[in-house]
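Peer 1: Sending over final.cif (mmCIF, C-alpha atoms).
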```cif
data_data
loop_
_atom_site.group_PDB
_atom_site.id
_atom_site.type_symbol
_atom_site.label_atom_id
_atom_site.label_comp_id
_atom_site.auth_asym_id
_atom_site.auth_seq_id
_atom_site.Cartn_x
_atom_site.Cartn_y
_atom_site.Cartn_z
ATOM 1 C CA MET A 1 0.248 105.511 -19.170
ATOM 2 C CA SER A 2 -0.607 103.502 -16.073
ATOM 3 C CA VAL A 3 1.922 101.495 -14.110
ATOM 4 C CA ARG A 4 0.115 98.326 -15.229
ATOM 5 C CA LEU A 5 0.543 99.172 -18.893
ATOM 6 C CA LEU A 6 4.201 99.990 -18.297
ATOM 7 C CA SER A 7 4.687 96.600 -16.647
ATOM 8 C CA ILE A 8 3.019 94.797 -19.554
ATOM 9 C CA ALA A 9 5.049 96.883 -22.008
ATOM 10 C CA ALA A 10 8.226 95.825 -20.202
ATOM 11 C CA TYR A 11 7.290 92.142 -20.600
ATOM 12 C CA LEU A 12 6.548 92.734 -24.282
ATOM 13 C CA ALA A 13 9.901 94.496 -24.692
ATOM 14 C CA LEU A 14 11.595 91.502 -23.105
ATOM 15 C CA LEU A 15 9.766 89.206 -25.528
ATOM 16 C CA VAL A 16 10.914 91.342 -28.469
ATOM 17 C CA VAL A 17 14.514 91.109 -27.228
ATOM 18 C CA LEU A 18 14.247 87.313 -26.908
ATOM 19 C CA VAL A 19 12.819 87.000 -30.427
ATOM 20 C CA GLY A 20 15.532 89.354 -31.688
ATOM 21 C CA VAL A 21 18.321 87.299 -30.108
ATOM 22 C CA GLU A 22 16.871 84.066 -31.535
ATOM 23 C CA THR A 23 16.478 85.621 -34.993
ATOM 24 C CA THR A 24 20.080 86.852 -34.872
ATOM 25 C CA ALA A 25 21.296 83.435 -33.708
ATOM 26 C CA ARG A 26 19.594 81.685 -36.632
ATOM 27 C CA ARG A 27 21.652 83.579 -39.210
ATOM 28 C CA THR A 28 24.258 81.234 -40.629
ATOM 29 C CA ASP A 29 27.212 83.472 -39.705
ATOM 30 C CA ALA A 30 25.955 84.231 -36.202
ATOM 31 C CA LYS A 31 28.185 83.759 -33.167
ATOM 32 C CA VAL A 32 25.180 83.945 -30.858
ATOM 33 C CA PRO A 33 23.860 80.529 -29.787
ATOM 34 C CA THR A 34 20.218 79.706 -30.439
ATOM 35 C CA PHE A 35 17.946 79.018 -27.468
ATOM 36 C CA ALA A 36 18.114 75.332 -28.379
ATOM 37 C CA ASP A 37 21.931 75.509 -28.155
ATOM 38 C CA VAL A 38 21.617 77.073 -24.711
ATOM 39 C CA LEU A 39 19.267 74.310 -23.578
ATOM 40 C CA ARG A 40 21.599 71.634 -24.949
ATOM 41 C CA GLY A 41 24.465 73.285 -23.085
ATOM 42 C CA ALA A 42 22.440 73.340 -19.883
ATOM 43 C CA MET A 43 21.678 69.646 -20.312
ATOM 44 C CA HIS A 44 25.326 68.626 -20.435
ATOM 45 C CA THR A 45 25.122 67.634 -16.780
ATOM 46 C CA ARG A 46 22.662 65.318 -15.056
ATOM 47 C CA ALA A 47 21.583 68.116 -12.725
ATOM 48 C CA GLY A 48 21.004 70.318 -15.764
ATOM 49 C CA GLN A 49 18.875 67.631 -17.432
ATOM 50 C CA PHE A 50 16.647 67.300 -14.380
ATOM 51 C CA ALA A 51 16.444 71.080 -13.900
ATOM 52 C CA VAL A 52 15.502 71.803 -17.527
ATOM 53 C CA VAL A 53 12.829 69.082 -17.628
ATOM 54 C CA LEU A 54 11.488 70.260 -14.260
ATOM 55 C CA ALA A 55 11.339 73.852 -15.536
ATOM 56 C CA TRP A 56 9.463 72.694 -18.659
ATOM 57 C CA TRP A 57 6.961 70.694 -16.632
ATOM 58 C CA TRP A 58 6.412 73.411 -14.045
ATOM 59 C CA LEU A 59 5.792 76.146 -16.657
ATOM 60 C CA GLY A 60 3.026 74.039 -18.219
ATOM 61 C CA TRP A 61 1.563 73.095 -14.861
ATOM 62 C CA HIS A 62 1.643 76.659 -13.520
ATOM 63 C CA PHE A 63 0.272 78.508 -16.536
ATOM 64 C CA LEU A 64 -2.254 75.966 -17.813
ATOM 65 C CA LEU A 65 -3.787 75.512 -14.366
ATOM 66 C CA GLY A 66 -3.518 79.215 -13.524
ATOM 67 C CA LEU A 67 -1.995 78.438 -10.131
ATOM 68 C CA MET B 1 23.294 44.847 -20.171
ATOM 69 C CA ASP B 2 23.160 47.526 -22.831
ATOM 70 C CA GLN B 3 23.762 47.194 -26.549
ATOM 71 C CA ARG B 4 27.469 47.852 -26.075
ATOM 72 C CA GLY B 5 27.795 44.918 -23.747
ATOM 73 C CA ALA B 6 28.536 46.887 -20.605
ATOM 74 C CA PRO B 7 26.359 45.533 -17.793
ATOM 75 C CA TYR B 8 26.557 48.488 -15.447
ATOM 76 C CA GLU B 9 27.710 52.042 -15.336
ATOM 77 C CA GLN B 10 30.389 52.967 -12.901
ATOM 78 C CA ALA B 11 29.105 53.923 -9.491
ATOM 79 C CA GLY B 12 27.521 57.334 -9.941
ATOM 80 C CA SER B 13 29.550 60.168 -11.398
ATOM 81 C CA PRO B 14 33.349 60.195 -11.104
ATOM 82 C CA SER B 15 33.079 62.595 -8.148
ATOM 83 C CA PRO B 16 29.521 62.356 -6.838
ATOM 84 C CA GLY B 17 30.071 65.065 -4.219
ATOM 85 C CA ARG B 18 30.621 67.589 -7.011
ATOM 86 C CA VAL B 19 26.879 67.589 -7.586
ATOM 87 C CA LEU B 20 26.714 70.016 -4.662
ATOM 88 C CA LEU B 21 28.616 72.523 -6.826
ATOM 89 C CA GLU B 22 26.160 72.205 -9.726
ATOM 90 C CA PRO B 23 24.484 75.567 -10.479
ATOM 91 C CA ALA B 24 21.398 73.669 -11.708
ATOM 92 C CA LEU B 25 20.940 72.040 -8.290
ATOM 93 C CA TRP B 26 21.074 75.423 -6.566
ATOM 94 C CA ALA B 27 18.692 76.903 -9.119
ATOM 95 C CA VAL B 28 16.170 74.153 -8.290
ATOM 96 C CA LEU B 29 16.653 74.742 -4.551
ATOM 97 C CA GLY B 30 16.280 78.504 -5.017
ATOM 98 C CA ALA B 31 13.049 77.998 -6.928
ATOM 99 C CA GLY B 32 11.894 75.669 -4.133
ATOM 100 C CA ILE B 33 12.477 78.439 -1.596
ATOM 101 C CA ALA B 34 10.454 80.814 -3.795
ATOM 102 C CA HIS B 35 7.609 78.296 -3.665
ATOM 103 C CA VAL B 36 7.866 78.249 0.143
ATOM 104 C CA VAL B 37 7.222 82.000 0.031
ATOM 105 C CA ARG B 38 4.307 81.360 -2.352
ATOM 106 C CA GLN B 39 3.034 78.674 0.049
ATOM 107 C CA ASN B 40 2.324 76.357 -2.859
ATOM 108 C CA TYR B 41 2.754 72.933 -1.305
ATOM 109 C CA VAL B 42 2.704 70.898 -4.535
ATOM 110 C CA ASP B 43 5.488 73.045 -5.986
ATOM 111 C CA ILE B 44 7.474 72.920 -2.731
ATOM 112 C CA ALA B 45 7.319 69.111 -2.681
ATOM 113 C CA THR B 46 8.143 68.870 -6.397
ATOM 114 C CA PHE B 47 11.165 71.178 -6.396
ATOM 115 C CA PHE B 48 12.743 69.902 -3.178
ATOM 116 C CA GLY B 49 11.920 66.345 -4.259
ATOM 117 C CA ILE B 50 13.724 66.819 -7.577
ATOM 118 C CA ALA B 51 16.681 68.418 -5.771
ATOM 119 C CA ALA B 52 16.892 65.231 -3.690
ATOM 120 C CA VAL B 53 16.634 63.141 -6.863
ATOM 121 C CA ILE B 54 19.529 65.089 -8.442
ATOM 122 C CA VAL B 55 21.738 64.342 -5.428
ATOM 123 C CA ALA B 56 20.632 60.695 -5.322
ATOM 124 C CA ASP B 57 21.315 60.354 -9.060
ATOM 125 C CA ALA B 58 24.935 61.402 -8.574
ATOM 126 C CA PHE B 59 25.513 58.646 -6.035
ATOM 127 C CA ARG B 60 23.494 55.769 -7.408
ATOM 128 C CA VAL B 61 24.725 52.593 -9.018
ATOM 129 C CA ARG B 62 22.335 51.433 -11.692
ATOM 130 C CA PRO B 63 22.211 49.359 -14.813
ATOM 131 C CA ARG B 64 22.972 51.236 -17.972
ATOM 132 C CA VAL B 65 19.888 51.385 -20.150
ATOM 133 C CA ARG B 66 19.192 51.931 -23.804
ATOM 134 C CA PRO B 67 18.696 55.590 -24.742
ATOM 135 C CA PHE B 68 15.040 56.368 -25.242
ATOM 136 C CA GLY B 69 13.343 58.237 -28.065
ATOM 137 C CA THR B 70 14.670 56.020 -30.814
ATOM 138 C CA GLY B 71 11.333 54.725 -32.026
ATOM 139 C CA TRP B 72 9.302 57.912 -32.340
ATOM 140 C CA THR B 73 8.932 59.592 -35.710
ATOM 141 C CA ARG B 74 8.075 63.286 -36.008
ATOM 142 C CA ARG B 75 4.664 62.331 -37.360
ATOM 143 C CA ALA B 76 3.942 60.114 -34.360
ATOM 144 C CA MET B 77 4.965 62.861 -31.946
ATOM 145 C CA LEU B 78 2.827 65.397 -33.814
ATOM 146 C CA ALA B 79 -0.150 63.032 -33.604
ATOM 147 C CA VAL B 80 0.360 62.581 -29.865
ATOM 148 C CA CYS B 81 0.580 66.361 -29.355
ATOM 149 C CA VAL B 82 -2.650 66.938 -31.300
ATOM 150 C CA ALA B 83 -4.392 64.154 -29.367
ATOM 151 C CA TYR B 84 -3.131 65.664 -26.125
ATOM 152 C CA ALA B 85 -4.495 69.095 -27.088
ATOM 153 C CA LEU B 86 -7.868 67.506 -27.873
ATOM 154 C CA LEU B 87 -7.766 65.743 -24.511
ATOM 155 C CA VAL B 88 -7.119 69.042 -22.703
ATOM 156 C CA LEU B 89 -9.771 70.970 -24.677
ATOM 157 C CA PRO B 90 -12.893 69.899 -22.729
ATOM 158 C CA LEU B 91 -11.251 69.851 -19.303
ATOM 159 C CA ALA B 92 -12.137 72.507 -16.751
ATOM 160 C CA ARG B 93 -9.191 74.571 -15.628
ATOM 161 C CA SER B 94 -10.021 74.128 -11.966
ATOM 162 C CA GLY B 95 -10.722 70.395 -12.179
ATOM 163 C CA LEU B 96 -8.711 67.454 -10.945
ATOM 164 C CA ALA B 97 -8.739 65.895 -14.425
ATOM 165 C CA LEU B 98 -6.585 68.659 -15.934
ATOM 166 C CA GLN B 99 -4.168 68.382 -13.020
ATOM 167 C CA LEU B 100 -3.775 64.672 -13.700
ATOM 168 C CA VAL B 101 -3.417 65.200 -17.459
ATOM 169 C CA LEU B 102 -0.648 67.759 -16.823
ATOM 170 C CA ALA B 103 1.071 65.745 -14.112
ATOM 171 C CA VAL B 104 1.478 62.591 -16.201
ATOM 172 C CA PRO B 105 3.843 63.997 -18.906
ATOM 173 C CA GLY B 106 6.029 65.583 -16.215
ATOM 174 C CA ALA B 107 6.205 62.401 -14.165
ATOM 175 C CA VAL B 108 6.965 60.275 -17.241
ATOM 176 C CA ALA B 109 9.602 62.741 -18.479
ATOM 177 C CA LEU B 110 11.394 62.913 -15.144
ATOM 178 C CA TRP B 111 11.282 59.134 -14.840
ATOM 179 C CA LEU B 112 12.836 58.793 -18.315
ATOM 180 C CA VAL B 113 15.586 61.238 -17.372
ATOM 181 C CA TRP B 114 16.250 59.216 -14.225
ATOM 182 C CA ARG B 115 16.176 55.948 -16.191
ATOM 183 C CA VAL B 116 18.587 56.947 -18.936
ATOM 184 C CA GLY B 117 21.284 57.751 -16.401
ATOM 185 C CA ARG B 118 24.711 59.081 -17.196
ATOM 186 C CA SER B 119 24.762 57.239 -20.514
ATOM 187 C CA SER B 120 22.907 60.283 -21.855
ATOM 188 C CA LEU B 121 26.024 62.395 -21.282
ATOM 189 C CA GLN B 122 28.404 60.175 -23.219
ATOM 190 C CA ASN B 123 27.358 61.245 -26.693
ATOM 191 C CA ALA B 124 26.220 64.756 -25.862
ATOM 192 C CA ASP B 125 27.382 67.244 -28.455
ATOM 193 C CA PRO B 126 29.443 70.130 -27.186
ATOM 194 C CA ALA B 127 27.692 73.471 -27.415
ATOM 195 C CA PRO B 128 28.180 74.321 -31.111
ATOM 196 C CA ARG B 129 28.720 78.044 -30.632
ATOM 197 C CA THR B 130 30.775 79.503 -27.867
ATOM 198 C CA GLY B 131 30.550 83.225 -28.615
ATOM 199 C CA TYR B 132 28.114 85.434 -26.731
ATOM 200 C CA ARG B 133 27.072 82.586 -24.432
ATOM 201 C CA TRP B 134 26.320 85.204 -21.779
ATOM 202 C CA LEU B 135 23.601 86.817 -23.897
ATOM 203 C CA TRP B 136 20.712 84.408 -23.253
ATOM 204 C CA PRO B 137 21.352 83.995 -19.520
ATOM 205 C CA SER B 138 21.633 87.790 -19.170
ATOM 206 C CA VAL B 139 18.286 88.456 -20.843
ATOM 207 C CA LEU B 140 16.602 85.646 -18.909
ATOM 208 C CA VAL B 141 18.027 86.847 -15.579
ATOM 209 C CA VAL B 142 16.722 90.365 -16.286
ATOM 210 C CA GLY B 143 13.307 88.830 -17.004
ATOM 211 C CA CYS B 144 13.396 86.792 -13.785
ATOM 212 C CA LEU B 145 14.398 89.847 -11.742
ATOM 213 C CA PHE B 146 11.534 91.853 -13.237
ATOM 214 C CA GLU B 147 9.157 88.981 -12.433
ATOM 215 C CA LEU B 148 10.522 88.894 -8.861
ATOM 216 C CA TYR B 149 10.102 92.687 -8.556
ATOM 217 C CA ASN B 150 6.447 92.394 -9.560
ATOM 218 C CA PHE B 151 5.937 89.414 -7.233
ATOM 219 C CA VAL B 152 7.376 91.307 -4.258
ATOM 220 C CA LEU B 153 4.980 94.196 -4.924
ATOM 221 C CA GLN B 154 1.927 91.923 -4.694
ATOM 222 C CA PRO B 155 -0.369 92.532 -1.677
ATOM 223 C CA ASN B 156 0.554 89.026 -0.540
ATOM 224 C CA ALA B 157 2.022 85.867 -2.043
ATOM 225 C CA GLN B 158 -1.370 84.554 -3.179
ATOM 226 C CA THR B 159 -2.906 87.793 -4.501
ATOM 227 C CA ASP B 160 -1.898 89.316 -7.834
ATOM 228 C CA SER B 161 -1.177 93.016 -8.049
ATOM 229 C CA PHE B 162 -3.170 94.887 -10.693
ATOM 230 C CA GLN B 163 -0.510 97.550 -11.139
ATOM 231 C CA HIS B 164 2.446 95.144 -11.042
ATOM 232 C CA PRO B 165 1.260 91.938 -12.723
ATOM 233 C CA THR B 166 3.507 88.887 -12.851
ATOM 234 C CA LEU B 167 3.665 86.830 -16.031
ATOM 235 C CA SER B 168 1.151 84.346 -14.640
ATOM 236 C CA ALA B 169 -1.242 87.187 -13.776
ATOM 237 C CA ILE B 170 -1.063 88.293 -17.419
ATOM 238 C CA GLY B 171 -1.210 84.767 -18.784
ATOM 239 C CA THR B 172 -4.107 83.536 -16.650
ATOM 240 C CA PRO B 173 -6.844 85.366 -18.569
ATOM 241 C CA LEU B 174 -5.240 84.495 -21.919
ATOM 242 C CA LEU B 175 -5.401 80.799 -21.042
ATOM 243 C CA ALA B 176 -8.918 80.965 -19.624
ATOM 244 C CA TRP B 177 -10.253 80.198 -23.119
ATOM 245 C CA PRO B 178 -10.303 76.396 -23.602
ATOM 246 C CA VAL B 179 -9.031 76.580 -27.207
ATOM 247 C CA SER B 180 -5.973 78.666 -26.285
ATOM 248 C CA ARG B 181 -5.327 76.328 -23.368
ATOM 249 C CA ALA B 182 -5.511 73.271 -25.634
ATOM 250 C CA VAL B 183 -3.163 74.806 -28.234
ATOM 251 C CA VAL B 184 -0.624 75.788 -25.560
ATOM 252 C CA ALA B 185 -0.878 72.300 -24.017
ATOM 253 C CA GLY B 186 -0.078 70.702 -27.384
ATOM 254 C CA LEU B 187 2.904 73.024 -27.915
ATOM 255 C CA TRP B 188 4.070 72.414 -24.363
ATOM 256 C CA LEU B 189 4.056 68.664 -24.938
ATOM 257 C CA ALA B 190 5.971 69.115 -28.206
ATOM 258 C CA ILE B 191 8.685 71.007 -26.317
ATOM 259 C CA GLY B 192 8.781 68.157 -23.816
ATOM 260 C CA PHE B 193 9.307 65.673 -26.652
ATOM 261 C CA TRP B 194 12.171 67.804 -27.985
ATOM 262 C CA LEU B 195 13.848 67.931 -24.572
ATOM 263 C CA LEU B 196 13.536 64.186 -24.075
ATOM 264 C CA ARG B 197 14.964 63.452 -27.503
ATOM 265 C CA ALA B 198 17.869 65.805 -26.804
ATOM 266 C CA ILE B 199 18.564 63.923 -23.574
ATOM 267 C CA GLY B 200 17.760 60.400 -24.664
ATOM 268 C CA ARG B 201 19.343 60.527 -28.077
ATOM 269 C CA PRO B 202 21.614 63.575 -28.475
ATOM 270 C CA GLY B 203 21.451 64.961 -32.001
ATOM 271 C CA ALA B 204 18.130 63.284 -32.843
ATOM 272 C CA GLU B 205 16.142 66.485 -32.464
ATOM 273 C CA GLU B 206 18.418 68.132 -35.039
ATOM 274 C CA ALA B 207 18.392 65.179 -37.422
ATOM 275 C CA ASP B 208 14.613 65.199 -37.503
ATOM 276 C CA ARG B 209 14.349 68.777 -38.684
#
```
Any chance you could put this one into structure tokens?

Peer 2:
Amino acid sequence: MSVRLLSIAAYLALLVVLVGVETTARRTDAKVPTFADVLRGAMHTRAGQFAVVLAWWWLGWHFLLGL
Amino acid sequence: MDQRGAPYEQAGSPSPGRVLLEPALWAVLGAGIAHVVRQNYVDIATFFGIAAVIVADAFRVRPRVRPFGTGWTRRAMLAVCVAYALLVLPLARSGLALQLVLAVPGAVALWLVWRVGRSSLQNADPAPRTGYRWLWPSVLVVGCLFELYNFVLQPNAQTDSFQHPTLSAIGTPLLAWPVSRAVVAGLWLAIGFWLLRAIGRPGAEEADR
């Protein structure tokens, strides 16, 4: 397996982990916060609100334009 | 004067200087430094500009305003997202038009966050679950470090590495197809709506489920 495929596999593994954590968090008896809970927590400060909205905007800008 | 009869908020936050201890501010500055390395001037200006806005926001005195997001139904937001996707569909990826279409939601969103002020924090729900709060940040930090590792191994800051692709190097060809780009743009805008509703009217994004 090439290094490139290993790198892509690592990203896919990370995605699987993220989906797994979210799936676990959505069980009614889960102690793990959902990603939405984490975002709400991050937005409990004004700096957090600006940072989260900036991150959202930049991800769209960066990936959709391919910059 | 807002609907509660209070004409103005108190001057800034209770201790405006504490903004310098905010992890979110330093995260924005750190990302700005990364963009200096990438030599992407739009991103440099945006991230350092927002860092300045965060500091200014902590010190400003401004009229308290009505929370936003109270008049938008889910159906209306869905319609806007679909219209936005259709707007993006014919636009060339390298054109100025797409840049403008992507810049507008970000500018409007950041302006709304600025406008709502600290009143948005008054009714914010506490994080509903406190266990395992370290889990998400840990996974995301690992992802960011892996992204940084691949970025450092690029031939230079502007040239992707074939063997060590960053996420954008992988995502660029996937979003080269106009239909995939339009779908992602619509989803991206929907996420933006969710964030703004969470800020402008805490709890609304849950109530609308």

Peer 1: Identify all residues satisfying the PyMOL selection byres ((chain B) within 6 of (chain A)) in the given file; provide them as a ChimeraX atom specification.

Peer 2: /B:24-25,54,93,106,127,129,131-132,163-164,172

Peer 1: Measure the distance from CA of Leu189 in chain B to CA of Leu96 in chain B in Å and round it to one decimal.

Peer 2: 19.0 Å

Peer 1: From the set B:Ala169, B:Ala27, B:Leu20, B:Val88, which residue has the shortest atom-to-atom contact distance to Val141 in chain B, counting all atoms listed in the file?

Peer 2: B:Ala27

Peer 1: How many Å separate CA of Val36 in chain B from CA of Ala52 in chain B?

Peer 2: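 According to the coordinates, CA of Val36 in chain B and CA of Ala52 in chain B are separated by 16.3 Å.
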
Peer 1: Take CA of Leu140 in chain B and CA of Pro165 in chain B and report the distance between them in Å, one decimal.

Peer 2: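 Between these atoms lies a distance of 17.7 Å.
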
Peer 1: Quick one: 6 Å padding each side, axis-aligned, all listed atoms of range 51-55 of chain A - centre and edge lengths in Å to one decimal, as lines of an AutoDock Vina configuration file?

Peer 2:
```
center_x = 13.9
center_y = 71.5
center_z = -15.8
size_x = 17.1
size_y = 16.8
size_z = 15.7
```

Peer 1: Take the point (12.0, 88.3, -3.9) in the file's coordinates, draw a sphere of radius 12 Å around it, and report as a list in words every protein, DNA or RNA residue with an atom inside or on it, counting only C-alpha atoms.

Peer 2: Gly30, Ala31, Ile33, Ala34, His35, Val36, Val37, Arg38, Cys144, Leu145, Phe146, Glu147, Leu148, Tyr149, Asn150, Phe151, Val152, Leu153, Gln154, Asn156 and Ala157 of chain B

Peer 1: So that I can check the surroundings of range 75-81 of chain B, please list as a list in words every protein, DNA and RNA residue that reaches within 10 Å of it, counting all atoms listed in the file and ignoring chain neighbours fewer than 6 positions away.

Peer 2: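 Selected residues are Leu87, Ala182, Val183, Ala185, Gly186, Leu187, Trp188, Leu189, Ala190, Ile191, Phe193 and Trp194 of chain B.
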
Peer 1: Keeping only C-alpha atoms, write the selected residues as a CSV table (one decimal), keeping the file's coordinate frame.

Peer 2:
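Output file result-v2.csv is given in full below:
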```csv
chain,number,residue,atom,x,y,z
B,87,LEU,CA,-7.8,65.7,-24.5
B,182,ALA,CA,-5.5,73.3,-25.6
B,183,VAL,CA,-3.2,74.8,-28.2
B,185,ALA,CA,-0.9,72.3,-24.0
B,186,GLY,CA,-0.1,70.7,-27.4
B,187,LEU,CA,2.9,73.0,-27.9
B,188,TRP,CA,4.1,72.4,-24.4
B,189,LEU,CA,4.1,68.7,-24.9
B,190,ALA,CA,6.0,69.1,-28.2
B,191,ILE,CA,8.7,71.0,-26.3
B,193,PHE,CA,9.3,65.7,-26.7
B,194,TRP,CA,12.2,67.8,-28.0
```

Peer 1: What residues come out when you apply the PyMOL selection byres ((chain B and resi 56) around 12) to this file, written as a PyMOL selection string?

Peer 2: (chain A and resi 46-47+50) or (chain B and resi 11-13+16-17+19-20+25+49-55+57-62+114+117)
